[in-house]
file start-v2.pdb (PDB, C-alpha atoms)
ATOM      1  CA  MET A   1      27.798  24.764  -4.505  1.00  0.00           C
ATOM      2  CA  ASN A   2      29.260  22.118  -2.196  1.00  0.00           C
ATOM      3  CA  GLU A   3      27.097  18.972  -1.868  1.00  0.00           C
ATOM      4  CA  LYS A   4      27.111  19.329   1.922  1.00  0.00           C
ATOM      5  CA  TRP A   5      25.589  22.810   1.706  1.00  0.00           C
ATOM      6  CA  LYS A   6      22.982  21.639  -0.807  1.00  0.00           C
ATOM      7  CA  LYS A   7      21.891  18.892   1.572  1.00  0.00           C
ATOM      8  CA  LEU A   8      21.802  21.365   4.451  1.00  0.00           C
ATOM      9  CA  GLY A   9      19.694  23.764   2.388  1.00  0.00           C
ATOM     10  CA  VAL A  10      17.165  21.032   1.566  1.00  0.00           C
ATOM     11  CA  LEU A  11      17.035  20.025   5.237  1.00  0.00           C
ATOM     12  CA  PHE A  12      16.158  23.637   6.119  1.00  0.00           C
ATOM     13  CA  PHE A  13      13.541  23.599   3.344  1.00  0.00           C
ATOM     14  CA  LEU A  14      12.004  20.601   5.105  1.00  0.00           C
ATOM     15  CA  PHE A  15      10.901  22.947   7.916  1.00  0.00           C
ATOM     16  CA  SER A  16       8.426  24.517   5.468  1.00  0.00           C
ATOM     17  CA  ILE A  17       6.128  21.524   6.003  1.00  0.00           C
ATOM     18  CA  PRO A  18       5.597  21.907   9.791  1.00  0.00           C
ATOM     19  CA  ALA A  19       5.435  25.688   9.272  1.00  0.00           C
ATOM     20  CA  LEU A  20       2.530  25.268   6.849  1.00  0.00           C
ATOM     21  CA  MET A  21       0.841  22.752   9.158  1.00  0.00           C
ATOM     22  CA  PHE A  22       0.263  25.554  11.676  1.00  0.00           C
ATOM     23  CA  ILE A  23      -2.570  26.609   9.343  1.00  0.00           C
ATOM     24  CA  TYR A  24      -4.340  23.264   9.719  1.00  0.00           C
ATOM     25  CA  PRO A  25      -5.982  23.684  13.178  1.00  0.00           C
ATOM     26  CA  ASN A  26      -7.553  26.996  12.136  1.00  0.00           C
ATOM     27  CA  LEU A  27      -9.432  25.224   9.334  1.00  0.00           C
ATOM     28  CA  ASN A  28     -10.481  22.110  11.262  1.00  0.00           C
ATOM     29  CA  SER A  29     -13.974  23.266  12.225  1.00  0.00           C
ATOM     30  CA  PRO A  30     -17.543  23.122  10.846  1.00  0.00           C
ATOM     31  CA  TYR A  31     -18.252  26.864  11.106  1.00  0.00           C
ATOM     32  CA  ARG A  32     -18.058  27.515   7.330  1.00  0.00           C
ATOM     33  CA  GLY A  33     -20.568  24.776   6.529  1.00  0.00           C
ATOM     34  CA  VAL A  34     -19.883  21.079   6.068  1.00  0.00           C
ATOM     35  CA  HIS A  35     -20.296  18.755   3.090  1.00  0.00           C
ATOM     36  CA  THR A  36     -19.702  15.024   2.845  1.00  0.00           C
ATOM     37  CA  PHE A  37     -18.504  12.526   0.246  1.00  0.00           C
ATOM     38  CA  VAL A  38     -19.314   9.502   2.401  1.00  0.00           C
ATOM     39  CA  THR A  39     -21.042   6.786   0.355  1.00  0.00           C
ATOM     40  CA  ASN A  40     -22.685   3.475   1.192  1.00  0.00           C
ATOM     41  CA  ILE A  41     -19.416   1.792   0.235  1.00  0.00           C
ATOM     42  CA  ASP A  42     -17.623   3.871   2.886  1.00  0.00           C
ATOM     43  CA  LYS A  43     -20.243   2.882   5.440  1.00  0.00           C
ATOM     44  CA  SER A  44     -19.700  -0.788   4.604  1.00  0.00           C
ATOM     45  CA  ILE A  45     -15.937  -0.614   5.240  1.00  0.00           C
ATOM     46  CA  PRO A  46     -15.288  -2.341   8.585  1.00  0.00           C
ATOM     47  CA  PHE A  47     -13.835  -0.489  11.530  1.00  0.00           C
ATOM     48  CA  ILE A  48     -10.475  -2.090  12.340  1.00  0.00           C
ATOM     49  CA  LYS A  49      -8.961  -0.647  15.475  1.00  0.00           C
ATOM     50  CA  ALA A  50      -5.474  -2.092  14.853  1.00  0.00           C
ATOM     51  CA  PHE A  51      -4.970   0.314  11.956  1.00  0.00           C
ATOM     52  CA  VAL A  52      -4.545   3.116  14.475  1.00  0.00           C
ATOM     53  CA  ILE A  53      -0.905   1.969  14.794  1.00  0.00           C
ATOM     54  CA  PRO A  54       0.254   2.942  11.270  1.00  0.00           C
ATOM     55  CA  TYR A  55      -2.012   5.998  11.407  1.00  0.00           C
ATOM     56  CA  ALA A  56      -0.393   7.198  14.645  1.00  0.00           C
ATOM     57  CA  ALA A  57       3.095   6.469  13.265  1.00  0.00           C
ATOM     58  CA  TRP A  58       2.484   8.776  10.286  1.00  0.00           C
ATOM     59  CA  VAL A  59       4.396  11.828  11.568  1.00  0.00           C
ATOM     60  CA  GLY A  60       7.480   9.837  12.523  1.00  0.00           C
ATOM     61  CA  TYR A  61       7.428   7.814   9.310  1.00  0.00           C
ATOM     62  CA  ILE A  62       7.106  10.861   7.042  1.00  0.00           C
ATOM     63  CA  THR A  63       9.752  12.816   8.988  1.00  0.00           C
ATOM     64  CA  ILE A  64      12.359  10.027   8.973  1.00  0.00           C
ATOM     65  CA  SER A  65      11.716   9.235   5.307  1.00  0.00           C
ATOM     66  CA  LEU A  66      12.101  12.844   4.180  1.00  0.00           C
ATOM     67  CA  ILE A  67      15.267  13.381   6.237  1.00  0.00           C
ATOM     68  CA  TYR A  68      16.752  10.221   4.723  1.00  0.00           C
ATOM     69  CA  LEU A  69      15.785  11.458   1.255  1.00  0.00           C
ATOM     70  CA  CYS A  70      17.464  14.821   1.927  1.00  0.00           C
ATOM     71  CA  LEU A  71      20.707  13.094   2.851  1.00  0.00           C
ATOM     72  CA  LYS A  72      20.679  10.628  -0.061  1.00  0.00           C
ATOM     73  CA  ASP A  73      19.334  12.697  -2.980  1.00  0.00           C
ATOM     74  CA  HIS A  74      18.888  16.434  -2.375  1.00  0.00           C
ATOM     75  CA  LYS A  75      17.393  17.061  -5.844  1.00  0.00           C
ATOM     76  CA  LEU A  76      14.664  14.450  -5.391  1.00  0.00           C
ATOM     77  CA  ALA A  77      14.129  15.618  -1.801  1.00  0.00           C
ATOM     78  CA  PHE A  78      13.634  19.219  -2.945  1.00  0.00           C
ATOM     79  CA  LYS A  79      11.069  18.136  -5.533  1.00  0.00           C
ATOM     80  CA  THR A  80       9.266  15.918  -3.003  1.00  0.00           C
ATOM     81  CA  ILE A  81       9.111  18.639  -0.335  1.00  0.00           C
ATOM     82  CA  LEU A  82       7.912  21.183  -2.910  1.00  0.00           C
ATOM     83  CA  VAL A  83       5.106  18.834  -3.994  1.00  0.00           C
ATOM     84  CA  PHE A  84       4.245  18.314  -0.315  1.00  0.00           C
ATOM     85  CA  ASP A  85       4.062  22.086   0.268  1.00  0.00           C
ATOM     86  CA  LEU A  86       1.970  22.718  -2.859  1.00  0.00           C
ATOM     87  CA  GLY A  87      -0.303  19.822  -1.934  1.00  0.00           C
ATOM     88  CA  LEU A  88      -0.828  21.239   1.552  1.00  0.00           C
ATOM     89  CA  LEU A  89      -1.699  24.688   0.173  1.00  0.00           C
ATOM     90  CA  ILE A  90      -4.219  23.187  -2.260  1.00  0.00           C
ATOM     91  CA  CYS A  91      -5.738  21.102   0.540  1.00  0.00           C
ATOM     92  CA  PHE A  92      -6.029  24.155   2.795  1.00  0.00           C
ATOM     93  CA  ILE A  93      -7.758  26.171   0.060  1.00  0.00           C
ATOM     94  CA  ILE A  94     -10.261  23.340  -0.443  1.00  0.00           C
ATOM     95  CA  TYR A  95     -10.798  23.010   3.313  1.00  0.00           C
ATOM     96  CA  TYR A  96     -11.549  26.722   3.569  1.00  0.00           C
ATOM     97  CA  PHE A  97     -14.013  26.936   0.692  1.00  0.00           C
ATOM     98  CA  TYR A  98     -15.486  23.417   0.750  1.00  0.00           C
ATOM     99  CA  GLN A  99     -15.190  21.898   4.196  1.00  0.00           C
ATOM    100  CA  THR A 100     -16.042  18.197   4.381  1.00  0.00           C
ATOM    101  CA  GLU A 101     -16.706  15.713   7.157  1.00  0.00           C
ATOM    102  CA  GLY A 102     -15.498  12.126   7.271  1.00  0.00           C
ATOM    103  CA  PRO A 103     -17.477   8.959   8.111  1.00  0.00           C
ATOM    104  CA  ILE A 104     -19.302   8.639  11.405  1.00  0.00           C
ATOM    105  CA  ARG A 105     -16.819   7.617  14.059  1.00  0.00           C
ATOM    106  CA  PRO A 106     -17.600   4.527  16.141  1.00  0.00           C
ATOM    107  CA  VAL A 107     -18.218   4.598  19.856  1.00  0.00           C
ATOM    108  CA  LEU A 108     -15.022   3.395  21.500  1.00  0.00           C
ATOM    109  CA  ILE A 109     -15.439   0.695  24.124  1.00  0.00           C
ATOM    110  CA  GLY A 110     -12.634  -0.529  26.330  1.00  0.00           C
ATOM    111  CA  HIS A 111      -9.495   0.803  27.984  1.00  0.00           C
ATOM    112  CA  ASP A 112      -6.910  -1.121  25.972  1.00  0.00           C
ATOM    113  CA  PHE A 113      -3.922   0.529  24.310  1.00  0.00           C
ATOM    114  CA  LEU A 114      -5.496   0.693  20.843  1.00  0.00           C
ATOM    115  CA  SER A 115      -8.740   2.216  22.142  1.00  0.00           C
ATOM    116  CA  LYS A 116      -6.889   4.823  24.197  1.00  0.00           C
ATOM    117  CA  THR A 117      -4.628   5.725  21.259  1.00  0.00           C
ATOM    118  CA  LEU A 118      -7.608   6.086  18.939  1.00  0.00           C
ATOM    119  CA  GLU A 119      -9.475   8.117  21.542  1.00  0.00           C
ATOM    120  CA  TYR A 120      -6.510  10.493  21.721  1.00  0.00           C
ATOM    121  CA  ILE A 121      -6.379  10.839  17.920  1.00  0.00           C
ATOM    122  CA  TYR A 122     -10.108  11.493  17.702  1.00  0.00           C
ATOM    123  CA  GLY A 123      -9.684  14.116  20.425  1.00  0.00           C
ATOM    124  CA  ILE A 124      -6.943  16.128  18.715  1.00  0.00           C
ATOM    125  CA  ASP A 125      -8.071  15.659  15.099  1.00  0.00           C
ATOM    126  CA  HIS A 126     -11.665  16.710  14.546  1.00  0.00           C
ATOM    127  CA  PRO A 127     -13.599  14.885  11.797  1.00  0.00           C
ATOM    128  CA  PHE A 128     -13.243  17.741   9.294  1.00  0.00           C
ATOM    129  CA  ASN A 129     -10.526  18.728   6.760  1.00  0.00           C
ATOM    130  CA  SER A 130     -11.271  15.421   5.065  1.00  0.00           C
ATOM    131  CA  PHE A 131     -11.116  16.106   1.326  1.00  0.00           C
ATOM    132  CA  PRO A 132      -8.398  15.458   0.205  1.00  0.00           C
ATOM    133  CA  SER A 133      -6.658  13.427   2.891  1.00  0.00           C
ATOM    134  CA  ILE A 134      -3.253  14.821   3.909  1.00  0.00           C
ATOM    135  CA  HIS A 135      -2.299  11.447   5.404  1.00  0.00           C
ATOM    136  CA  ALA A 136      -3.016   9.736   2.085  1.00  0.00           C
ATOM    137  CA  MET A 137      -1.399  12.511   0.037  1.00  0.00           C
ATOM    138  CA  SER A 138       1.900  12.498   1.957  1.00  0.00           C
ATOM    139  CA  SER A 139       2.075   8.702   2.221  1.00  0.00           C
ATOM    140  CA  TYR A 140       1.483   8.195  -1.490  1.00  0.00           C
ATOM    141  CA  LEU A 141       3.965  10.994  -2.227  1.00  0.00           C
ATOM    142  CA  LEU A 142       6.784   8.842  -0.814  1.00  0.00           C
ATOM    143  CA  ILE A 143       5.753   5.955  -3.072  1.00  0.00           C
ATOM    144  CA  ARG A 144       5.684   8.300  -6.066  1.00  0.00           C
ATOM    145  CA  ALA A 145       8.992   9.961  -5.200  1.00  0.00           C
ATOM    146  CA  ILE A 146      11.011   6.738  -5.253  1.00  0.00           C
ATOM    147  CA  ARG A 147       9.135   5.069  -8.119  1.00  0.00           C
ATOM    148  CA  ASN A 148      11.886   5.717 -10.681  1.00  0.00           C
ATOM    149  CA  CYS A 149      14.737   6.148  -8.213  1.00  0.00           C
ATOM    150  CA  SER A 150      17.758   4.051  -9.218  1.00  0.00           C
ATOM    151  CA  TRP A 151      19.551   4.071  -5.844  1.00  0.00           C
ATOM    152  CA  ILE A 152      16.602   2.652  -3.871  1.00  0.00           C
ATOM    153  CA  ASN A 153      16.906  -1.119  -3.434  1.00  0.00           C
ATOM    154  CA  LYS A 154      13.910  -3.443  -3.574  1.00  0.00           C
ATOM    155  CA  TRP A 155      13.725  -3.790   0.219  1.00  0.00           C
ATOM    156  CA  HIS A 156      13.522  -0.032   0.816  1.00  0.00           C
ATOM    157  CA  ARG A 157      10.926   0.195  -1.939  1.00  0.00           C
ATOM    158  CA  TRP A 158       8.952  -2.647  -0.356  1.00  0.00           C
ATOM    159  CA  ILE A 159       9.086  -1.069   3.130  1.00  0.00           C
ATOM    160  CA  VAL A 160       7.938   2.330   1.840  1.00  0.00           C
ATOM    161  CA  GLY A 161       5.203   0.725  -0.252  1.00  0.00           C
ATOM    162  CA  CYS A 162       3.870  -1.380   2.639  1.00  0.00           C
ATOM    163  CA  PHE A 163       4.042   1.346   5.294  1.00  0.00           C
ATOM    164  CA  SER A 164       2.550   4.035   3.059  1.00  0.00           C
ATOM    165  CA  THR A 165      -0.227   1.709   1.928  1.00  0.00           C
ATOM    166  CA  SER A 166      -1.032   0.750   5.527  1.00  0.00           C
ATOM    167  CA  ILE A 167      -1.400   4.446   6.444  1.00  0.00           C
ATOM    168  CA  ILE A 168      -3.635   5.087   3.428  1.00  0.00           C
ATOM    169  CA  LEU A 169      -5.821   2.100   4.346  1.00  0.00           C
ATOM    170  CA  ALA A 170      -5.837   3.201   7.993  1.00  0.00           C
ATOM    171  CA  THR A 171      -7.523   6.501   7.078  1.00  0.00           C
ATOM    172  CA  MET A 172     -10.547   4.464   5.969  1.00  0.00           C
ATOM    173  CA  PHE A 173     -10.440   1.596   8.471  1.00  0.00           C
ATOM    174  CA  ILE A 174     -10.426   3.900  11.514  1.00  0.00           C
ATOM    175  CA  LYS A 175     -13.165   6.042   9.917  1.00  0.00           C
ATOM    176  CA  GLN A 176     -11.161   9.210   9.391  1.00  0.00           C
ATOM    177  CA  HIS A 177     -11.695   9.530   5.640  1.00  0.00           C
ATOM    178  CA  ALA A 178     -13.944   8.461   2.788  1.00  0.00           C
ATOM    179  CA  ILE A 179     -12.687   6.641  -0.312  1.00  0.00           C
ATOM    180  CA  LEU A 180     -12.950   9.785  -2.447  1.00  0.00           C
ATOM    181  CA  ASP A 181     -10.724  11.677   0.015  1.00  0.00           C
ATOM    182  CA  VAL A 182      -7.996   9.115  -0.636  1.00  0.00           C
ATOM    183  CA  LEU A 183      -8.422   8.856  -4.410  1.00  0.00           C
ATOM    184  CA  VAL A 184      -8.275  12.629  -4.905  1.00  0.00           C
ATOM    185  CA  ALA A 185      -5.200  12.849  -2.647  1.00  0.00           C
ATOM    186  CA  ILE A 186      -3.417  10.310  -4.878  1.00  0.00           C
ATOM    187  CA  LEU A 187      -4.534  12.143  -8.029  1.00  0.00           C
ATOM    188  CA  LEU A 188      -3.282  15.425  -6.559  1.00  0.00           C
ATOM    189  CA  VAL A 189       0.193  13.961  -5.986  1.00  0.00           C
ATOM    190  CA  GLU A 190       0.351  12.584  -9.538  1.00  0.00           C
ATOM    191  CA  CYS A 191      -0.694  15.927 -11.051  1.00  0.00           C
ATOM    192  CA  LEU A 192       1.762  17.963  -8.985  1.00  0.00           C
ATOM    193  CA  PHE A 193       4.696  15.564  -9.370  1.00  0.00           C
ATOM    194  CA  ASN A 194       4.237  15.138 -13.119  1.00  0.00           C
ATOM    195  CA  GLY A 195       3.658  18.868 -13.531  1.00  0.00           C
ATOM    196  CA  LEU A 196       6.920  19.686 -11.736  1.00  0.00           C
ATOM    197  CA  GLU A 197       8.829  17.149 -13.835  1.00  0.00           C
ATOM    198  CA  LEU A 198       7.470  18.693 -17.048  1.00  0.00           C
ATOM    199  CA  LEU A 199       8.403  22.168 -15.807  1.00  0.00           C
ATOM    200  CA  TYR A 200      11.902  20.958 -14.867  1.00  0.00           C
ATOM    201  CA  ARG A 201      12.421  19.456 -18.331  1.00  0.00           C
ATOM    202  CA  TRP A 202      11.181  22.638 -19.992  1.00  0.00           C
ATOM    203  CA  VAL A 203      13.607  24.764 -17.953  1.00  0.00           C
ATOM    204  CA  LEU A 204      16.484  22.423 -18.860  1.00  0.00           C
ATOM    205  CA  LEU A 205      15.507  22.653 -22.528  1.00  0.00           C
ATOM    206  CA  GLN A 206      15.428  26.446 -22.372  1.00  0.00           C
ATOM    207  CA  ASN A 207      18.839  26.561 -20.685  1.00  0.00           C
ATOM    208  CA  HIS A 208      20.256  24.211 -23.305  1.00  0.00           C
ATOM    209  CA  SER A 209      18.839  26.373 -26.106  1.00  0.00           C
ATOM    210  CA  LEU A 210      20.367  29.523 -24.583  1.00  0.00           C
ATOM    211  CA  LYS A 211      23.761  27.831 -24.300  1.00  0.00           C
ATOM    212  CA  GLU A 212      23.604  26.748 -27.952  1.00  0.00           C
ATOM    213  CA  VAL A 213      22.786  30.299 -29.018  1.00  0.00           C
ATOM    214  CA  ALA A 214      25.662  31.639 -26.932  1.00  0.00           C
ATOM    215  CA  LYS A 215      28.086  29.247 -28.645  1.00  0.00           C
ATOM    216  CA  LYS A 216      27.203  30.437 -32.145  1.00  0.00           C
ATOM    217  CA  PRO A 217      29.536  33.125 -33.528  1.00  0.00           C
ATOM    218  CA  SER A 218      28.041  36.570 -33.879  1.00  0.00           C
ATOM    219  CA  SER A 219      27.201  37.705 -37.410  1.00  0.00           C
ATOM    220  CA  PHE A 220      28.984  41.004 -36.580  1.00  0.00           C
ATOM    221  CA  SER A 221      32.241  39.325 -35.663  1.00  0.00           C
ATOM    222  CA  ALA A 222      35.241  39.917 -37.950  1.00  0.00           C
TER     223      ALA A 222
END
call {"tool": "encode", "arguments": {"input": "start-v2.pdb", "output": "structure tokens"}}
result
Amino acid sequence: MNEKWKKLGVLFFLFSIPALMFIYPNLNSPYRGVHTFVTNIDKSIPFIKAFVIPYAAWVGYITISLIYLCLKDHKLAFKTILVFDLGLLICFIIYYFYQTEGPIRPVLIGHDFLSKTLEYIYGIDHPFNSFPSIHAMSSYLLIRAIRNCSWINKWHRWIVGCFSTSIILATMFIKQHAILDVLVAILLVECLFNGLELLYRWVLLQNHSLKEVAKKPSSFSA
């Protein structure tokens, strides 16, 4: 298949992420019972309003990064989007059967830009669907995707590392998630990404074995 069509196909596959996210609002409620993983360590983490900036930039950052990945390396992009989709489905299943609530949100005082932005985020994103954190999962996924990528230069790697890390930290500093929400999100990405790589290698090995068998002359041949 032509490289252009492969890239186009992966770009269409990218739409699976916003399609799945339509499920999210239906799960973001306390009606099925609420649990919490908030610890004293979470309570001791300071509230830093400035971290609302990377948190609010999450959608744009993830979208631009994935589109760029689709155009540069369609195989890696496909794997990354597939891990994203599988991660979302696992998160949604957990949200449905074991709904959790994040740390207690602070009372916002002031009418400055940061306070208004945070007020808007608190208004559209209820304090549920916390474990695991989708923000942390998707942000760490970009770090994991380019970890062994040869065509990424050190500056791109540094930008992705810094921006993704700032979003992950923001989930805790603006009191959206507990530490365990973040740690499990990272573990989920590692399990899914490594699992897909093992499956990919196994499929390649099977295909290679079949080709070797096909090359051998038949015992019934003259």
call {"tool": "closest_residue", "arguments": {"input": "start-v2.pdb", "among": "A:Leu199, A:Cys91, A:Leu76, A:Ala170", "to": "Ile45 in chain A", "atoms": "only C-alpha atoms"}}
result
A:Ala170
call {"tool": "closest_residue", "arguments": {"input": "start-v2.pdb", "among": "A:Phe12, A:Phe22, A:Tyr61, A:Tyr96", "to": "Phe163 in chain A", "atoms": "only C-alpha atoms"}}
result
A:Tyr61
call {"tool": "closest_residue", "arguments": {"input": "start-v2.pdb", "among": "A:Arg157, A:Val184, A:Gln176, A:Tyr140", "to": "Val83 in chain A", "atoms": "only C-alpha atoms"}}
result
A:Tyr140
call {"tool": "residues_around", "arguments": {"input": "start-v2.pdb", "residues": "Asn26 in chain A", "least_positions_apart": "6", "cutoff": "12 Å", "atoms": "all atoms listed in the file", "output": "MDAnalysis selection string"}}
result
chainID A and resid 20 32 92 95:96 125:126 128:129
call {"tool": "residues_around", "arguments": {"input": "start-v2.pdb", "residues": "Leu11 in chain A", "least_positions_apart": "5", "cutoff": "10 Å", "atoms": "only C-alpha atoms", "output": "JSON, numbers by chain"}}
result
{"A": [5, 6, 16, 66, 67, 68, 69, 70, 71, 74, 77, 78, 81]}
call {"tool": "closest_residue", "arguments": {"input": "start-v2.pdb", "among": "A:Leu180, A:Ala145, A:Ile152, A:Val107", "to": "Asn194 in chain A", "atoms": "only C-alpha atoms"}}
result
A:Ala145
call {"tool": "atom_distance", "arguments": {"input": "start-v2.pdb", "atom1": "CA of His35 in chain A", "atom2": "CA of Val189 in chain A"}}
result
22.9 Å
